[in-house]
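S.K.: This structure is in structure tokens; I'll ask about it shortly.
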Amino acid sequence: MGQLTQVLRDMKQFDDPRLLVGPKSVDDAGVVLLGASEGLPPGHEIALVQTVDFFPPVIDDPYLYGAVAAANSLSDVYAMGGRPISALNLAGFPKGFREEWVADIFRGGFEKVAEAGAVVAGGHTVESPEPQFGFAVTGVVDRAQLTANGGAKPGDVMYLTKSLGMGSMTTAGKFKKADEADVRRAAEQMATLNKDAALAMNAAGAHACTDITGFGLNGHGRNIASGSNVALRFELASIPFFPGARDLAAKGVVSGGVGRGKLALVGEVKVADGLDQALVDITYDAETSGGLLIILPPENAAKLEDELSARDVAVHRVGEVTDRIGDHYIELV
């Protein structure tokens with residue numbers, strides 16, 4: 001993944017002024033400004049938000065797998081402050097894969113796209129060694145509400161809208177090390193859209209945002225910190241963790257994201273003495289369809305909390321943005 005990112009950054013076609021957000025900033029989605037050439041009148045600054053994501057099953061239930069994959073794909077549009085409008089399905093299944101499972105996966109994914117208010121406009125299916133499912137999603141965003149990685153400022157505060165620990169929960173489900181009911185509750189969190197969180201964020205006026213997915217809290221936080229030339233200080237005691245995830249992590253039940261995250265972020269994360277190592281590990285672990293990390297001025301915090309509460313979205317203030325000192329982008333205290 002790192003090699004691909006570097007290759008994309010070096011390609012000259014990404015210097016087009018219409019490209020508001022591209023590979024150079026390691027954002028959640030690409031953003032392309034529409035203008036007169038697309039028939040818009042002067043003064044309109046609407047942009048397309050485009051993203052693609054697909055992955056193999058993280059849970060056994062085919063319907064929930066489809067729903068989680070769709071929610072995860074749609075989430076990148078929400079993280080940019082946008083609204084999904086259409087999606088193209090991407091799917092691969094092994095030869096002989098049960099037709100009823102395929103039908104349930106598609107039903108779960110398509111119903112979640114409809115819940116987002118978007119339409120499935122088509123797609124492409126191939127034969128693959130293992131199931132793969134997801135979407136390429138297109139959304140729209142007002143340029144004034146774009147929440148890219150580069151907008152965080154020292155003094156800003158941070159909110160996280162979903163609990164961490166999906167790496168532990170999905171790994172435990174895979175190896176039958178957790179109760180099925182607990183794994184299903186985790187799947188239901190993963191299948192929850194970030195739609196309401198994004199609406200609350202837009203109403204409150206955020207500076208930056210990312211959704212916490214494959215790079216974990218520290219990895220995605222690092223992308224914001226790097227893009228904004230700041231540091232993010234997380235208060236471990238304020239971070240929400242999914243019930244049972246800490247105990248699983250303490251037993252070593254985490255995904256491969258922990259090891260990859262620690263290796264990728266060597267020298268960039270500062271961990272205070274005395275913190276619970278199991279919880280620290282979870283902050284490195286990969287999340288599937290995680291919540292939004294919303295960053296905004298402290299004077300807007302009360303507005304965000306009101307907007308989140310009005311939409312029944314969890315309110316967790318998890319830290320603040322600081323000036324960067326030395327090599328650290330992330331500080332856990």
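Each chain in the structure tokens gets a letter, A, B and so on, in the order shown; residues start at 1 in every chain, and ligands are counted from 1 in the order they appear.
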Can you tell me, as a ChimeraX atom specification, what residues are no more than 10 Å from Val52 (chain A) when counting only C-alpha atoms, ignoring any on the same chain fewer than 6 positions away?
M.R.: /A:28-30,72-74,76-77,87-90,134-138
S.K.: Under the rule that only C-alpha atoms are counted, which of A:Phe55, A:Tyr78, A:Phe234, A:Phe93 is the nearest residue to Thr125 (chain A)?
M.R.: A:Phe93
S.K.: Need to verify the contact set: Leu217 (chain A), 10 Å, only C-alpha atoms, exclusion of same-chain residues closer than 3 positions in sequence. Can you return it as a list in words?
M.R.: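 Close residues of Leu217 (chain A): Leu160, Leu164, Thr210, Asp211, Ile212, Thr213, Gly214, His220, Gly221, Arg222, Phe234, Gly261, Ile282, Thr283, Tyr284, Asp285, Ala286, Glu287, Gly290, Gly291, Leu293 and Ile330 of chain A.
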S.K.: I need the strand (DSSP E) residues of region 181-295 of chain A per DSSP on the backbone, written as a list in words.
M.R.: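 In region 181-295 of chain A, DSSP puts these residues in strand (DSSP E): Ala208, Cys209, Thr210, Asp211, Ala231, Leu232, Arg233, Phe234, Val269, Lys270, Val271, Leu292, Leu293, Ile294 and Ile295 of chain A.
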S.K.: Dump as CSV the rows for residues of region 38-89 of chain A within 7 Å of region 94-114 of chain A: closest atom pair and distance in Å with one decimal, only C-alpha atoms counted, ordered by chain and rising residue number.
M.R.:
```
residue,atom,partner,partner_atom,distance
A:Pro62,CA,A:Ile105,CA,4.9
A:Tyr63,CA,A:Gly108,CA,4.6
A:Leu64,CA,A:Gly108,CA,6.1
A:Tyr65,CA,A:Ile105,CA,6.3
A:Gly66,CA,A:Gly109,CA,4.3
A:Ala67,CA,A:Gly108,CA,4.4
A:Ala69,CA,A:Gly109,CA,6.8
A:Ala70,CA,A:Gly109,CA,5.0
A:Ala71,CA,A:Lys112,CA,6.6
```
S.K.: Output as JSON lines one row per residue of region 158-212 of chain A within 12 Å of region 272-280 of chain A: the closest atom pair and its distance in Å to one decimal place, counting only C-alpha atoms, sorted by chain and residue number ascending.
M.R.:
```
{"residue": "A:Ser163", "atom": "CA", "partner": "A:Leu279", "partner_atom": "CA", "distance": 11.9}
{"residue": "A:Leu164", "atom": "CA", "partner": "A:Leu279", "partner_atom": "CA", "distance": 9.3}
{"residue": "A:Gly165", "atom": "CA", "partner": "A:Leu279", "partner_atom": "CA", "distance": 8.9}
{"residue": "A:Ser168", "atom": "CA", "partner": "A:Ala278", "partner_atom": "CA", "distance": 10.5}
```
S.K.: Give the helix (DSSP H, G or I) residues of region 67-306 of chain A, as DSSP finds them on the backbone, and put them as a ChimeraX atom specification.
M.R.: /A:67-79,99-115,143-145,149-151,166-174,180-190,195-204,216-228,236-238,245-250,257-264,277-284,298-306
S.K.: Would you put the residues from that selection into a file with C-alpha atoms, as a tab-separated table (two decimals), in the first residue's frame?
M.R.:
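Generated file (part09.tsv):
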```tsv
chain	number	residue	atom	x	y	z
A	67	ALA	CA	-24.06	-4.27	4.85
A	68	VAL	CA	-20.70	-3.72	6.59
A	69	ALA	CA	-18.85	-3.59	3.27
A	70	ALA	CA	-21.29	-0.99	1.96
A	71	ALA	CA	-21.16	1.14	5.13
A	72	ASN	CA	-17.37	1.03	4.99
A	73	SER	CA	-17.33	2.15	1.34
A	74	LEU	CA	-19.81	4.96	1.94
A	75	SER	CA	-17.93	6.17	5.01
A	76	ASP	CA	-15.11	7.84	3.07
A	77	VAL	CA	-17.61	10.22	1.47
A	78	TYR	CA	-19.00	11.14	4.88
A	79	ALA	CA	-15.47	11.68	6.20
A	99	GLU	CA	-26.11	-18.64	-4.60
A	100	GLU	CA	-28.18	-17.87	-1.52
A	101	TRP	CA	-25.09	-16.44	0.18
A	102	VAL	CA	-24.38	-14.27	-2.86
A	103	ALA	CA	-27.98	-13.04	-2.83
A	104	ASP	CA	-27.80	-12.15	0.88
A	105	ILE	CA	-24.49	-10.31	0.47
A	106	PHE	CA	-25.88	-8.22	-2.38
A	107	ARG	CA	-29.12	-7.56	-0.49
A	108	GLY	CA	-27.23	-6.35	2.58
A	109	GLY	CA	-25.02	-4.07	0.53
A	110	PHE	CA	-27.74	-2.66	-1.69
A	111	GLU	CA	-30.09	-1.96	1.22
A	112	LYS	CA	-27.33	-0.06	3.02
A	113	VAL	CA	-26.66	2.08	-0.08
A	114	ALA	CA	-30.38	2.85	-0.24
A	115	GLU	CA	-30.35	3.79	3.46
A	143	ARG	CA	-16.34	23.19	-1.07
A	144	ALA	CA	-16.95	25.26	2.07
A	145	GLN	CA	-17.81	22.07	4.02
A	149	ASN	CA	-6.82	15.99	6.33
A	150	GLY	CA	-5.01	19.31	6.07
A	151	GLY	CA	-7.44	21.46	8.06
A	166	MET	CA	-13.34	-4.15	15.74
A	167	GLY	CA	-10.00	-5.79	14.95
A	168	SER	CA	-10.23	-7.81	18.14
A	169	MET	CA	-13.93	-8.60	17.69
A	170	THR	CA	-13.64	-9.80	14.10
A	171	THR	CA	-10.50	-11.82	14.87
A	172	ALA	CA	-12.25	-13.39	17.86
A	173	GLY	CA	-15.22	-14.24	15.67
A	174	LYS	CA	-13.00	-15.84	13.05
A	180	GLU	CA	-21.63	-15.01	18.83
A	181	ALA	CA	-23.95	-12.38	20.27
A	182	ASP	CA	-21.00	-10.08	21.04
A	183	VAL	CA	-19.60	-10.52	17.54
A	184	ARG	CA	-23.01	-9.75	16.07
A	185	ARG	CA	-23.27	-6.56	18.13
A	186	ALA	CA	-19.88	-5.54	16.77
A	187	ALA	CA	-21.10	-6.26	13.24
A	188	GLU	CA	-24.14	-4.09	13.83
A	189	GLN	CA	-21.85	-1.22	14.88
A	190	MET	CA	-19.77	-1.72	11.73
A	195	LYS	CA	-24.44	9.60	7.83
A	196	ASP	CA	-25.80	11.21	11.01
A	197	ALA	CA	-22.33	11.89	12.36
A	198	ALA	CA	-21.45	13.68	9.11
A	199	LEU	CA	-24.62	15.76	9.22
A	200	ALA	CA	-23.80	16.79	12.79
A	201	MET	CA	-20.24	17.62	11.80
A	202	ASN	CA	-21.36	19.79	8.88
A	203	ALA	CA	-23.83	21.65	11.09
A	204	ALA	CA	-21.13	22.36	13.67
A	216	GLY	CA	-6.42	2.33	12.94
A	217	LEU	CA	-6.82	5.38	15.15
A	218	ASN	CA	-3.09	6.14	15.24
A	219	GLY	CA	-2.56	5.63	11.52
A	220	HIS	CA	-5.48	7.74	10.37
A	221	GLY	CA	-4.71	10.32	13.05
A	222	ARG	CA	-1.15	10.45	11.78
A	223	ASN	CA	-2.43	11.26	8.28
A	224	ILE	CA	-4.32	14.26	9.63
A	225	ALA	CA	-1.39	15.37	11.77
A	226	SER	CA	1.02	15.11	8.85
A	227	GLY	CA	-1.33	16.85	6.44
A	228	SER	CA	-1.92	19.69	8.88
A	236	LEU	CA	-6.73	7.02	26.36
A	237	ALA	CA	-9.26	7.11	29.22
A	238	SER	CA	-11.67	9.14	27.06
A	245	ALA	CA	-12.35	-5.83	23.12
A	246	ARG	CA	-9.86	-4.88	25.82
A	247	ASP	CA	-9.94	-8.36	27.41
A	248	LEU	CA	-9.46	-9.98	24.00
A	249	ALA	CA	-6.54	-7.69	23.16
A	250	ALA	CA	-4.93	-8.50	26.53
A	257	GLY	CA	-3.08	-4.39	11.97
A	258	VAL	CA	-1.39	-3.97	15.36
A	259	GLY	CA	1.97	-5.23	14.16
A	260	ARG	CA	1.73	-3.40	10.84
A	261	GLY	CA	0.69	-0.19	12.57
A	262	LYS	CA	3.52	-0.23	15.08
A	263	LEU	CA	6.04	-0.91	12.32
A	264	ALA	CA	4.68	1.85	10.06
A	277	GLN	CA	-0.95	-1.93	26.92
A	278	ALA	CA	-4.02	-3.79	25.66
A	279	LEU	CA	-5.84	-0.50	25.03
A	280	VAL	CA	-2.75	1.01	23.44
A	281	ASP	CA	-2.58	-1.98	21.08
A	282	ILE	CA	-6.19	-1.38	20.02
A	283	THR	CA	-5.35	2.19	19.01
A	284	TYR	CA	-2.94	0.70	16.45
A	298	PRO	CA	-13.28	24.39	20.80
A	299	GLU	CA	-15.92	27.11	20.51
A	300	ASN	CA	-17.89	24.80	18.18
A	301	ALA	CA	-17.72	21.79	20.51
A	302	ALA	CA	-21.02	22.40	22.28
A	303	LYS	CA	-22.78	22.73	18.93
A	304	LEU	CA	-21.32	19.44	17.74
A	305	GLU	CA	-22.31	17.67	20.95
A	306	ASP	CA	-25.88	18.96	20.61
```
S.K.: Given only C-alpha atoms, how would the per-residue table for region 15-58 of chain A near region 126-132 of chain A read, listing every residue at most 9 Å away with its closest atom pair and distance in Å to one decimal, sorted by chain and number, as CSV?
M.R.:
```
residue,atom,partner,partner_atom,distance
A:Phe54,CA,A:Gln132,CA,6.3
A:Phe55,CA,A:Gln132,CA,5.1
A:Pro56,CA,A:Gln132,CA,4.5
A:Pro57,CA,A:Pro131,CA,6.8
```
S.K.: Would you compute the distance between CA of Ala231 (chain A) and CA of Leu265 (chain A)? Give it in Å to one decimal.
M.R.: 13.5 Å
S.K.: Could you name the residues that touch Val321 (chain A) at 8 Å or less, counting only C-alpha atoms, but leaving out those on the same chain fewer than 4 positions away, as a ChimeraX atom specification?
M.R.: /A:152-158,230-233
S.K.: Next, the residues of the selection above should be written as a PDB file, in the first residue's frame with N, CA and C atoms.
M.R.:
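The resulting file, part_38.pdb, is shown below:
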```
ATOM      1  N   ALA A 152      -6.686  20.630  10.247  1.00  0.00           N
ATOM      2  CA  ALA A 152      -6.605  20.685  11.709  1.00  0.00           C
ATOM      3  C   ALA A 152      -5.679  21.806  12.167  1.00  0.00           C
ATOM      4  N   LYS A 153      -6.046  22.447  13.279  1.00  0.00           N
ATOM      5  CA  LYS A 153      -5.280  23.574  13.804  1.00  0.00           C
ATOM      6  C   LYS A 153      -4.997  23.365  15.294  1.00  0.00           C
ATOM      7  N   PRO A 154      -3.825  23.818  15.783  1.00  0.00           N
ATOM      8  CA  PRO A 154      -3.546  23.718  17.213  1.00  0.00           C
ATOM      9  C   PRO A 154      -4.659  24.363  18.033  1.00  0.00           C
ATOM     10  N   GLY A 155      -5.075  23.687  19.081  1.00  0.00           N
ATOM     11  CA  GLY A 155      -6.175  24.167  19.912  1.00  0.00           C
ATOM     12  C   GLY A 155      -7.500  23.521  19.578  1.00  0.00           C
ATOM     13  N   ASP A 156      -7.624  22.919  18.384  1.00  0.00           N
ATOM     14  CA  ASP A 156      -8.848  22.199  18.025  1.00  0.00           C
ATOM     15  C   ASP A 156      -9.067  21.028  18.978  1.00  0.00           C
ATOM     16  N   VAL A 157     -10.325  20.608  19.080  1.00  0.00           N
ATOM     17  CA  VAL A 157     -10.671  19.443  19.897  1.00  0.00           C
ATOM     18  C   VAL A 157     -11.134  18.319  18.979  1.00  0.00           C
ATOM     19  N   MET A 158     -11.099  17.073  19.511  1.00  0.00           N
ATOM     20  CA  MET A 158     -11.369  15.897  18.681  1.00  0.00           C
ATOM     21  C   MET A 158     -12.481  15.043  19.294  1.00  0.00           C
ATOM     22  N   VAL A 230       0.647  19.285  12.442  1.00  0.00           N
ATOM     23  CA  VAL A 230       0.327  19.426  13.860  1.00  0.00           C
ATOM     24  C   VAL A 230       0.566  18.073  14.526  1.00  0.00           C
ATOM     25  N   ALA A 231       0.236  17.972  15.798  1.00  0.00           N
ATOM     26  CA  ALA A 231       0.228  16.701  16.520  1.00  0.00           C
ATOM     27  C   ALA A 231      -1.159  16.498  17.119  1.00  0.00           C
ATOM     28  N   LEU A 232      -1.548  15.244  17.294  1.00  0.00           N
ATOM     29  CA  LEU A 232      -2.819  14.912  17.928  1.00  0.00           C
ATOM     30  C   LEU A 232      -2.544  14.241  19.264  1.00  0.00           C
ATOM     31  N   ARG A 233      -3.133  14.779  20.328  1.00  0.00           N
ATOM     32  CA  ARG A 233      -2.971  14.199  21.661  1.00  0.00           C
ATOM     33  C   ARG A 233      -4.280  13.524  22.065  1.00  0.00           C
TER      34      ARG A 233
END
```
S.K.: Between CA of Leu146 (chain A) and CA of Leu33 (chain A), what is the spacing in Å?
M.R.: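 Interatomic distance, CA of Leu33 (chain A) to CA of Leu146 (chain A): 11.1 Å.
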S.K.: Of the candidates A:Pro23, A:Gly139, A:Gly123, A:Gly117, which shows the shortest atom-to-atom distance to Ile46 (chain A), using only C-alpha atoms?
M.R.: A:Gly139
